[in-house]
$ cat entry.cif   # mmCIF, N, CA, C and O atoms and all ligand atoms
data_structure
#
loop_
_atom_site.label_atom_id
_atom_site.label_comp_id
_atom_site.auth_asym_id
_atom_site.auth_seq_id
_atom_site.Cartn_x
_atom_site.Cartn_y
_atom_site.Cartn_z
N MET A 199 -22.73 -26.96 2.90
CA MET A 199 -22.15 -26.15 3.97
C MET A 199 -21.83 -27.05 5.16
O MET A 199 -22.53 -28.02 5.43
N SER A 200 -20.76 -26.73 5.85
CA SER A 200 -20.48 -27.43 7.10
C SER A 200 -20.63 -26.41 8.22
O SER A 200 -20.08 -25.31 8.15
N TRP A 201 -21.39 -26.78 9.21
CA TRP A 201 -21.71 -25.83 10.27
C TRP A 201 -20.87 -26.12 11.51
O TRP A 201 -20.74 -27.28 11.92
N ILE A 202 -20.32 -25.09 12.10
CA ILE A 202 -19.46 -25.22 13.28
C ILE A 202 -20.16 -24.57 14.47
O ILE A 202 -20.63 -23.42 14.38
N ASP A 203 -20.23 -25.30 15.58
CA ASP A 203 -20.90 -24.82 16.79
C ASP A 203 -20.02 -23.79 17.50
O ASP A 203 -18.89 -24.08 17.87
N LEU A 204 -20.56 -22.60 17.69
CA LEU A 204 -19.82 -21.53 18.38
C LEU A 204 -20.29 -21.35 19.82
O LEU A 204 -19.83 -20.43 20.50
N GLY A 205 -21.21 -22.18 20.26
CA GLY A 205 -21.64 -22.08 21.65
C GLY A 205 -23.10 -21.67 21.77
O GLY A 205 -23.80 -21.48 20.78
N PRO A 206 -23.54 -21.53 23.02
CA PRO A 206 -24.96 -21.24 23.25
C PRO A 206 -25.31 -19.78 22.94
O PRO A 206 -24.52 -18.86 23.19
N LEU A 207 -26.52 -19.59 22.44
CA LEU A 207 -27.04 -18.25 22.18
C LEU A 207 -26.99 -17.39 23.45
O LEU A 207 -26.64 -16.21 23.40
N ASP A 208 -27.29 -18.00 24.58
CA ASP A 208 -27.34 -17.23 25.82
C ASP A 208 -25.98 -16.71 26.28
O ASP A 208 -25.91 -15.89 27.19
N ALA A 209 -24.90 -17.17 25.65
CA ALA A 209 -23.57 -16.68 26.02
C ALA A 209 -23.31 -15.29 25.43
O ALA A 209 -22.31 -14.64 25.78
N VAL A 210 -24.19 -14.84 24.53
CA VAL A 210 -24.04 -13.50 23.93
C VAL A 210 -25.12 -12.60 24.53
O VAL A 210 -26.31 -12.89 24.40
N PRO A 211 -24.73 -11.52 25.19
CA PRO A 211 -25.74 -10.65 25.80
C PRO A 211 -26.62 -9.96 24.75
O PRO A 211 -26.12 -9.58 23.68
N GLU A 212 -27.90 -9.82 25.06
CA GLU A 212 -28.80 -9.15 24.13
C GLU A 212 -28.36 -7.70 23.97
O GLU A 212 -28.01 -7.04 24.95
N ARG A 213 -28.38 -7.22 22.73
CA ARG A 213 -27.86 -5.89 22.36
C ARG A 213 -26.41 -5.72 22.82
O ARG A 213 -25.99 -4.67 23.26
N GLY A 214 -25.68 -6.83 22.69
CA GLY A 214 -24.27 -6.83 23.04
C GLY A 214 -23.51 -7.74 22.10
O GLY A 214 -24.04 -8.18 21.08
N ALA A 215 -22.28 -8.04 22.47
CA ALA A 215 -21.43 -8.83 21.59
C ALA A 215 -20.48 -9.69 22.40
O ALA A 215 -20.30 -9.48 23.60
N ARG A 216 -19.89 -10.63 21.71
CA ARG A 216 -18.91 -11.53 22.32
C ARG A 216 -17.93 -11.93 21.23
O ARG A 216 -18.31 -12.11 20.08
N ILE A 217 -16.67 -12.08 21.61
CA ILE A 217 -15.64 -12.51 20.67
C ILE A 217 -15.54 -14.03 20.72
O ILE A 217 -15.56 -14.61 21.81
N VAL A 218 -15.42 -14.66 19.56
CA VAL A 218 -15.16 -16.10 19.52
C VAL A 218 -13.95 -16.35 18.63
O VAL A 218 -13.69 -15.62 17.68
N LYS A 219 -13.21 -17.38 19.01
CA LYS A 219 -12.01 -17.76 18.26
C LYS A 219 -12.42 -18.75 17.18
O LYS A 219 -13.13 -19.72 17.47
N THR A 220 -12.01 -18.53 15.96
CA THR A 220 -12.29 -19.47 14.87
C THR A 220 -10.98 -19.72 14.13
O THR A 220 -9.97 -19.04 14.39
N ARG A 221 -11.01 -20.62 13.18
CA ARG A 221 -9.78 -20.87 12.41
C ARG A 221 -9.41 -19.69 11.53
O ARG A 221 -8.29 -19.61 11.04
N ALA A 222 -10.33 -18.77 11.33
CA ALA A 222 -10.04 -17.56 10.56
C ALA A 222 -9.66 -16.40 11.48
O ALA A 222 -9.58 -15.27 11.05
N GLY A 223 -9.43 -16.71 12.76
CA GLY A 223 -9.12 -15.65 13.71
C GLY A 223 -10.33 -15.33 14.56
O GLY A 223 -11.37 -16.00 14.49
N CYS A 224 -10.20 -14.29 15.35
CA CYS A 224 -11.30 -13.91 16.24
C CYS A 224 -12.35 -13.13 15.45
O CYS A 224 -12.01 -12.22 14.69
N ILE A 225 -13.60 -13.48 15.66
CA ILE A 225 -14.70 -12.73 15.06
C ILE A 225 -15.68 -12.36 16.17
O ILE A 225 -15.63 -12.92 17.26
N ALA A 226 -16.55 -11.44 15.88
CA ALA A 226 -17.50 -10.97 16.89
C ALA A 226 -18.89 -11.49 16.57
O ALA A 226 -19.31 -11.52 15.41
N LEU A 227 -19.58 -11.91 17.62
CA LEU A 227 -20.99 -12.26 17.52
C LEU A 227 -21.78 -11.11 18.13
O LEU A 227 -21.51 -10.70 19.26
N PHE A 228 -22.74 -10.60 17.37
CA PHE A 228 -23.57 -9.48 17.84
C PHE A 228 -25.00 -9.99 17.99
O PHE A 228 -25.58 -10.49 17.03
N ARG A 229 -25.54 -9.83 19.18
CA ARG A 229 -26.92 -10.29 19.40
C ARG A 229 -27.84 -9.08 19.36
O ARG A 229 -27.76 -8.19 20.21
N THR A 230 -28.73 -9.08 18.37
CA THR A 230 -29.58 -7.91 18.16
C THR A 230 -30.99 -8.10 18.71
O THR A 230 -31.75 -7.15 18.77
N GLY A 231 -31.32 -9.32 19.08
CA GLY A 231 -32.66 -9.58 19.61
C GLY A 231 -32.64 -10.92 20.31
O GLY A 231 -31.61 -11.60 20.35
N PRO A 232 -33.79 -11.33 20.87
CA PRO A 232 -33.84 -12.58 21.63
C PRO A 232 -33.31 -13.78 20.84
O PRO A 232 -32.62 -14.62 21.39
N ASP A 233 -33.64 -13.84 19.55
CA ASP A 233 -33.22 -14.99 18.74
C ASP A 233 -32.47 -14.58 17.49
O ASP A 233 -32.50 -15.28 16.48
N GLU A 234 -31.79 -13.45 17.54
CA GLU A 234 -31.11 -12.96 16.34
C GLU A 234 -29.66 -12.60 16.67
O GLU A 234 -29.40 -11.79 17.56
N VAL A 235 -28.74 -13.26 15.95
CA VAL A 235 -27.31 -13.03 16.15
C VAL A 235 -26.66 -12.87 14.78
O VAL A 235 -27.05 -13.54 13.82
N PHE A 236 -25.67 -12.00 14.71
CA PHE A 236 -24.88 -11.83 13.48
C PHE A 236 -23.41 -12.05 13.81
O PHE A 236 -22.97 -11.72 14.91
N ALA A 237 -22.67 -12.59 12.86
CA ALA A 237 -21.23 -12.75 13.01
C ALA A 237 -20.55 -11.82 12.03
O ALA A 237 -20.92 -11.74 10.86
N ALA A 238 -19.55 -11.09 12.52
CA ALA A 238 -18.84 -10.15 11.67
C ALA A 238 -17.44 -9.92 12.21
O ALA A 238 -17.12 -10.32 13.34
N SER A 239 -16.64 -9.27 11.41
CA SER A 239 -15.30 -8.89 11.85
C SER A 239 -15.40 -8.02 13.09
O SER A 239 -16.31 -7.21 13.24
N ASN A 240 -14.42 -8.16 13.97
CA ASN A 240 -14.36 -7.31 15.16
C ASN A 240 -13.59 -6.03 14.89
O ASN A 240 -13.55 -5.16 15.74
N THR A 241 -12.99 -5.92 13.74
CA THR A 241 -12.06 -4.81 13.48
C THR A 241 -12.67 -3.78 12.53
O THR A 241 -12.99 -4.09 11.38
N CYS A 242 -12.78 -2.58 13.02
CA CYS A 242 -13.32 -1.49 12.19
C CYS A 242 -12.34 -1.15 11.08
O CYS A 242 -11.14 -0.99 11.33
N PRO A 243 -12.82 -1.03 9.83
CA PRO A 243 -11.92 -0.71 8.72
C PRO A 243 -11.42 0.73 8.74
O PRO A 243 -10.50 1.06 7.99
N HIS A 244 -11.98 1.58 9.59
CA HIS A 244 -11.51 2.95 9.66
C HIS A 244 -10.12 2.99 10.30
O HIS A 244 -9.13 3.21 9.63
N LYS A 245 -10.06 2.74 11.62
CA LYS A 245 -8.75 2.74 12.28
C LYS A 245 -8.62 1.60 13.28
O LYS A 245 -7.94 1.71 14.29
N GLY A 246 -9.32 0.50 12.99
CA GLY A 246 -9.12 -0.71 13.78
C GLY A 246 -9.85 -0.79 15.09
O GLY A 246 -9.50 -1.61 15.94
N GLY A 247 -10.85 0.02 15.29
CA GLY A 247 -11.61 -0.01 16.55
C GLY A 247 -12.24 -1.38 16.80
O GLY A 247 -12.60 -2.09 15.86
N PRO A 248 -12.37 -1.76 18.09
CA PRO A 248 -12.96 -3.05 18.43
C PRO A 248 -14.49 -2.98 18.41
O PRO A 248 -15.12 -2.51 19.35
N LEU A 249 -15.07 -3.47 17.33
CA LEU A 249 -16.52 -3.31 17.15
C LEU A 249 -17.33 -4.03 18.22
O LEU A 249 -18.44 -3.60 18.56
N SER A 250 -16.78 -5.10 18.80
CA SER A 250 -17.52 -5.82 19.85
C SER A 250 -17.70 -4.95 21.09
O SER A 250 -18.52 -5.27 21.95
N GLU A 251 -16.95 -3.87 21.18
CA GLU A 251 -17.11 -2.95 22.32
C GLU A 251 -17.98 -1.75 21.95
O GLU A 251 -18.11 -0.80 22.71
N GLY A 252 -18.57 -1.81 20.76
CA GLY A 252 -19.43 -0.73 20.30
C GLY A 252 -20.86 -0.91 20.79
O GLY A 252 -21.17 -1.80 21.58
N ILE A 253 -21.72 -0.05 20.31
CA ILE A 253 -23.14 -0.07 20.71
C ILE A 253 -23.93 -0.80 19.62
O ILE A 253 -23.88 -0.43 18.45
N VAL A 254 -24.67 -1.84 20.05
CA VAL A 254 -25.54 -2.59 19.13
C VAL A 254 -26.93 -1.96 19.19
O VAL A 254 -27.51 -1.80 20.26
N HIS A 255 -27.43 -1.55 18.02
CA HIS A 255 -28.75 -0.92 17.95
C HIS A 255 -29.42 -1.35 16.66
O HIS A 255 -28.81 -1.33 15.60
N GLY A 256 -30.67 -1.79 16.78
CA GLY A 256 -31.32 -2.35 15.60
C GLY A 256 -30.48 -3.51 15.09
O GLY A 256 -30.08 -4.38 15.86
N ARG A 257 -30.20 -3.51 13.79
CA ARG A 257 -29.31 -4.52 13.21
C ARG A 257 -27.99 -3.87 12.83
O ARG A 257 -27.39 -4.20 11.81
N GLN A 258 -27.54 -2.96 13.66
CA GLN A 258 -26.32 -2.22 13.37
C GLN A 258 -25.44 -2.17 14.61
O GLN A 258 -25.90 -2.38 15.73
N VAL A 259 -24.15 -1.86 14.37
CA VAL A 259 -23.25 -1.60 15.49
C VAL A 259 -22.52 -0.30 15.20
O VAL A 259 -22.16 -0.01 14.05
N THR A 260 -22.33 0.49 16.25
CA THR A 260 -21.57 1.74 16.15
C THR A 260 -20.20 1.53 16.75
O THR A 260 -20.07 1.08 17.90
N CYS A 261 -19.16 1.83 15.99
CA CYS A 261 -17.79 1.67 16.46
C CYS A 261 -17.55 2.58 17.67
O CYS A 261 -17.94 3.75 17.66
N PRO A 262 -16.86 2.04 18.69
CA PRO A 262 -16.65 2.85 19.89
C PRO A 262 -15.61 3.96 19.73
O PRO A 262 -15.55 4.87 20.56
N LEU A 263 -14.83 3.94 18.66
CA LEU A 263 -13.77 4.96 18.54
C LEU A 263 -14.25 6.25 17.87
O LEU A 263 -14.07 7.33 18.40
N HIS A 264 -14.84 6.14 16.67
CA HIS A 264 -15.23 7.37 15.97
C HIS A 264 -16.65 7.30 15.42
O HIS A 264 -17.01 8.03 14.50
N ASN A 265 -17.42 6.36 15.95
CA ASN A 265 -18.87 6.31 15.69
C ASN A 265 -19.29 5.94 14.27
O ASN A 265 -20.41 6.26 13.88
N TRP A 266 -18.42 5.29 13.50
CA TRP A 266 -18.93 4.76 12.24
C TRP A 266 -19.98 3.69 12.56
O TRP A 266 -19.84 2.97 13.55
N VAL A 267 -20.98 3.59 11.70
CA VAL A 267 -22.06 2.63 11.92
C VAL A 267 -22.02 1.58 10.80
O VAL A 267 -21.89 1.93 9.62
N PHE A 268 -22.12 0.30 11.18
CA PHE A 268 -22.10 -0.79 10.21
C PHE A 268 -23.38 -1.60 10.28
O PHE A 268 -23.87 -1.91 11.38
N ASP A 269 -23.91 -1.93 9.12
CA ASP A 269 -25.04 -2.84 9.02
C ASP A 269 -24.51 -4.25 9.26
O ASP A 269 -23.60 -4.70 8.57
N LEU A 270 -25.06 -4.96 10.23
CA LEU A 270 -24.53 -6.27 10.58
C LEU A 270 -24.94 -7.35 9.58
O LEU A 270 -24.34 -8.42 9.55
N GLU A 271 -25.94 -7.07 8.76
CA GLU A 271 -26.36 -8.05 7.76
C GLU A 271 -25.46 -7.99 6.53
O GLU A 271 -25.01 -9.00 6.03
N THR A 272 -25.17 -6.78 6.08
CA THR A 272 -24.37 -6.62 4.86
C THR A 272 -22.91 -6.29 5.14
O THR A 272 -22.06 -6.45 4.26
N GLY A 273 -22.63 -5.77 6.31
CA GLY A 273 -21.28 -5.34 6.65
C GLY A 273 -20.95 -3.94 6.17
O GLY A 273 -19.87 -3.41 6.47
N GLU A 274 -21.86 -3.31 5.45
CA GLU A 274 -21.57 -2.00 4.85
C GLU A 274 -21.63 -0.87 5.89
O GLU A 274 -22.52 -0.84 6.74
N ALA A 275 -20.68 0.07 5.74
CA ALA A 275 -20.73 1.29 6.54
C ALA A 275 -21.96 2.09 6.12
O ALA A 275 -22.34 2.08 4.95
N GLN A 276 -22.55 2.78 7.05
CA GLN A 276 -23.78 3.53 6.79
C GLN A 276 -23.48 5.03 6.68
O GLN A 276 -22.41 5.49 7.10
N GLY A 277 -24.43 5.75 6.14
CA GLY A 277 -24.29 7.20 6.02
C GLY A 277 -23.19 7.57 5.04
O GLY A 277 -23.00 6.91 4.02
N ALA A 278 -22.43 8.61 5.38
CA ALA A 278 -21.41 9.13 4.47
C ALA A 278 -20.13 8.32 4.52
O ALA A 278 -19.25 8.49 3.68
N ASP A 279 -19.99 7.44 5.50
CA ASP A 279 -18.74 6.69 5.65
C ASP A 279 -18.67 5.54 4.65
O ASP A 279 -19.68 4.96 4.28
N ARG A 280 -17.47 5.24 4.21
CA ARG A 280 -17.25 4.20 3.20
C ARG A 280 -16.37 3.10 3.78
O ARG A 280 -15.28 3.37 4.27
N GLY A 281 -16.85 1.87 3.70
CA GLY A 281 -16.07 0.75 4.19
C GLY A 281 -16.99 -0.42 4.43
O GLY A 281 -18.22 -0.32 4.30
N ARG A 282 -16.39 -1.55 4.75
CA ARG A 282 -17.19 -2.76 4.92
C ARG A 282 -16.45 -3.69 5.86
O ARG A 282 -15.22 -3.77 5.82
N ILE A 283 -17.22 -4.39 6.69
CA ILE A 283 -16.64 -5.44 7.52
C ILE A 283 -17.11 -6.78 6.97
O ILE A 283 -18.19 -6.88 6.39
N ALA A 284 -16.27 -7.81 7.16
CA ALA A 284 -16.66 -9.16 6.74
C ALA A 284 -17.81 -9.64 7.61
O ALA A 284 -17.87 -9.37 8.81
N THR A 285 -18.75 -10.33 6.98
CA THR A 285 -19.86 -10.95 7.72
C THR A 285 -19.87 -12.44 7.40
O THR A 285 -19.36 -12.87 6.36
N TYR A 286 -20.45 -13.23 8.28
CA TYR A 286 -20.41 -14.69 8.16
C TYR A 286 -21.81 -15.25 8.39
O TYR A 286 -22.48 -14.87 9.37
N PRO A 287 -22.24 -16.19 7.54
CA PRO A 287 -23.58 -16.79 7.72
C PRO A 287 -23.68 -17.60 9.00
O PRO A 287 -22.76 -18.34 9.35
N LEU A 288 -24.79 -17.42 9.70
CA LEU A 288 -25.06 -18.13 10.95
C LEU A 288 -26.42 -18.80 10.90
O LEU A 288 -27.30 -18.40 10.15
N ARG A 289 -26.59 -19.78 11.77
CA ARG A 289 -27.90 -20.37 12.05
C ARG A 289 -27.99 -20.56 13.55
O ARG A 289 -26.98 -20.75 14.22
N ILE A 290 -29.19 -20.55 14.06
CA ILE A 290 -29.40 -20.91 15.46
C ILE A 290 -30.24 -22.18 15.46
O ILE A 290 -31.32 -22.23 14.87
N VAL A 291 -29.71 -23.21 16.07
CA VAL A 291 -30.39 -24.50 16.14
C VAL A 291 -30.43 -24.94 17.60
O VAL A 291 -29.37 -25.12 18.22
N GLN A 292 -31.62 -25.09 18.13
CA GLN A 292 -31.83 -25.53 19.50
C GLN A 292 -30.96 -24.74 20.48
O GLN A 292 -30.28 -25.30 21.34
N GLY A 293 -30.95 -23.42 20.30
CA GLY A 293 -30.25 -22.55 21.24
C GLY A 293 -28.74 -22.50 21.07
O GLY A 293 -28.04 -21.89 21.87
N ARG A 294 -28.24 -23.12 20.00
CA ARG A 294 -26.79 -23.09 19.72
C ARG A 294 -26.54 -22.24 18.48
O ARG A 294 -27.32 -22.25 17.54
N ILE A 295 -25.42 -21.53 18.48
CA ILE A 295 -25.05 -20.70 17.33
C ILE A 295 -24.12 -21.50 16.43
O ILE A 295 -23.06 -21.96 16.88
N LEU A 296 -24.51 -21.65 15.18
CA LEU A 296 -23.71 -22.40 14.21
C LEU A 296 -23.27 -21.46 13.10
O LEU A 296 -24.07 -20.67 12.58
N ILE A 297 -21.98 -21.53 12.76
CA ILE A 297 -21.46 -20.68 11.69
C ILE A 297 -21.09 -21.55 10.50
O ILE A 297 -20.68 -22.72 10.68
N ASP A 298 -21.25 -21.01 9.31
CA ASP A 298 -20.88 -21.72 8.09
C ASP A 298 -19.36 -21.85 8.03
O ASP A 298 -18.65 -20.85 7.85
N GLY A 299 -18.86 -23.06 8.18
CA GLY A 299 -17.41 -23.29 8.19
C GLY A 299 -16.75 -22.87 6.90
O GLY A 299 -15.59 -22.45 6.89
N ASN A 300 -17.47 -22.94 5.79
CA ASN A 300 -16.88 -22.56 4.50
C ASN A 300 -16.61 -21.06 4.42
O ASN A 300 -15.80 -20.62 3.62
N SER A 301 -17.31 -20.29 5.23
CA SER A 301 -17.12 -18.83 5.20
C SER A 301 -15.87 -18.42 5.96
O SER A 301 -15.49 -17.25 5.93
N LEU A 302 -15.25 -19.38 6.66
CA LEU A 302 -14.10 -19.05 7.50
C LEU A 302 -12.77 -19.30 6.81
O LEU A 302 -11.76 -19.49 7.46
N ALA A 303 -12.77 -19.29 5.49
CA ALA A 303 -11.51 -19.45 4.77
C ALA A 303 -10.56 -18.35 5.21
O ALA A 303 -10.98 -17.22 5.46
N VAL A 304 -9.30 -18.67 5.28
CA VAL A 304 -8.31 -17.74 5.84
C VAL A 304 -8.28 -16.42 5.07
O VAL A 304 -8.11 -15.36 5.65
N ASP A 305 -8.52 -16.47 3.74
CA ASP A 305 -8.44 -15.23 2.96
C ASP A 305 -9.60 -14.30 3.24
O ASP A 305 -9.61 -13.15 2.83
N ARG A 306 -10.62 -14.78 3.99
CA ARG A 306 -11.72 -13.89 4.37
C ARG A 306 -11.51 -13.28 5.73
O ARG A 306 -12.29 -12.48 6.19
N ALA A 307 -10.47 -13.72 6.45
CA ALA A 307 -10.26 -13.23 7.81
C ALA A 307 -10.05 -11.73 7.79
O ALA A 307 -9.40 -11.19 6.91
N ALA A 308 -10.63 -11.09 8.79
CA ALA A 308 -10.50 -9.62 8.85
C ALA A 308 -9.29 -9.25 9.69
O ALA A 308 -8.82 -9.99 10.48
S1 LIG B 401 -11.91 3.12 14.23
FE1 LIG B 401 -14.00 2.71 13.96
S2 LIG B 401 -14.85 4.61 13.41
FE2 LIG B 401 -12.73 4.99 13.63
#
$ encode --input "entry.cif" --output "structure tokens"
Amino acid sequence: MSWIDLGPLDAVPERGARIVKTRAGCIALFRTGPDEVFAASNTCPHKGGPLSEGIVHGRQVTCPLHNWVFDLETGEAQGADRGRIATYPLRIVQGRILIDGNSLAVDRAA
């Protein structure tokens, strides 16, 4: 794996999100706890809602448009809703967020 530095952990608000630009397009970083961040598509598969503007709770995010809920680990829609967002492997090393560069192939872009 080749790891790409996306910036400091502290740049992502706790229980919030931030958009970062990658070679696969913009993706969202969701911070679910002091040392826990997930990377996923920013675009809701329902009608394109901006997930980074949704509510982060537990390890999930709720879309701000129609309240679909996505598991940030698997990307799967929860409950009765059907759909999935792309997720990307991350590591945190010395307070920096690193993403697996191999996961950013263009055909995986959301
Ligand atoms: S656009 Fe996200 S739930 Fe409708």
$ residues_around --input "entry.cif" --residues "Lys245 of chain A" --least-positions-apart "4" --cutoff "8 Å" --atoms "all atoms listed in the file" --output "PDB file with N, CA, C and O atoms, in the frame of the given file"
ATOM      1  N   THR A 241     -12.990  -5.920  13.740  1.00  0.00           N
ATOM      2  CA  THR A 241     -12.060  -4.810  13.480  1.00  0.00           C
ATOM      3  C   THR A 241     -12.670  -3.780  12.530  1.00  0.00           C
ATOM      4  O   THR A 241     -12.990  -4.090  11.380  1.00  0.00           O
ATOM      5  N   LEU A 263     -14.830   3.940  18.660  1.00  0.00           N
ATOM      6  CA  LEU A 263     -13.770   4.960  18.540  1.00  0.00           C
ATOM      7  C   LEU A 263     -14.250   6.250  17.870  1.00  0.00           C
ATOM      8  O   LEU A 263     -14.070   7.330  18.400  1.00  0.00           O
ATOM      9  N   HIS A 264     -14.840   6.140  16.670  1.00  0.00           N
ATOM     10  CA  HIS A 264     -15.230   7.370  15.970  1.00  0.00           C
ATOM     11  C   HIS A 264     -16.650   7.300  15.420  1.00  0.00           C
ATOM     12  O   HIS A 264     -17.010   8.030  14.500  1.00  0.00           O
TER      13      HIS A 264
END
$ atom_distance --input "entry.cif" --atom1 "atom N of Asn240 of chain A" --atom2 "atom O of Ile202 of chain A"
16.5 Å
$ closest_residue --input "entry.cif" --among "A:Gln292, A:Ser301, A:Ser239, A:Thr220" --to "Leu207 of chain A" --atoms "only N, CA, C and O atoms"
A:Gln292
$ closest_residue --input "entry.cif" --among "A:Ala237, A:Ala222, A:Leu270, A:Leu249" --to "ligand LIG 401 (chain B)" --atoms "all atoms listed in the file"
A:Leu249
$ closest_residue --input "entry.cif" --among "A:Gly214, A:Gly247, A:Gly281, A:Gly252" --to "ligand LIG 401 (chain B)" --atoms "all atoms listed in the file"
A:Gly247
$ closest_residue --input "entry.cif" --among "A:Val291, A:Arg280, A:Cys261, A:Ala275" --to "ligand LIG 401 (chain B)" --atoms "only N, CA, C and O atoms and all ligand atoms"
A:Cys261
$ atom_distance --input "entry.cif" --atom1 "atom CA of Pro248 of chain A" --atom2 "atom CA of Thr260 of chain A"
10.1 Å
$ axis_aligned_box --input "entry.cif" --around "segment 269-273 of chain A" --padding-each-side "6 Å" --output "lines of an AutoDock Vina configuration file"
center_x = -23.1
center_y = -5.5
center_z = 7.4
size_x = 18.5
size_y = 19.1
size_z = 18.3
$ residues_around --input "entry.cif" --residues "Phe268 of chain A" --least-positions-apart "4" --cutoff "6 Å" --atoms "only C-alpha atoms" --output "PyMOL selection string"
chain A and resi 258-259+273-276
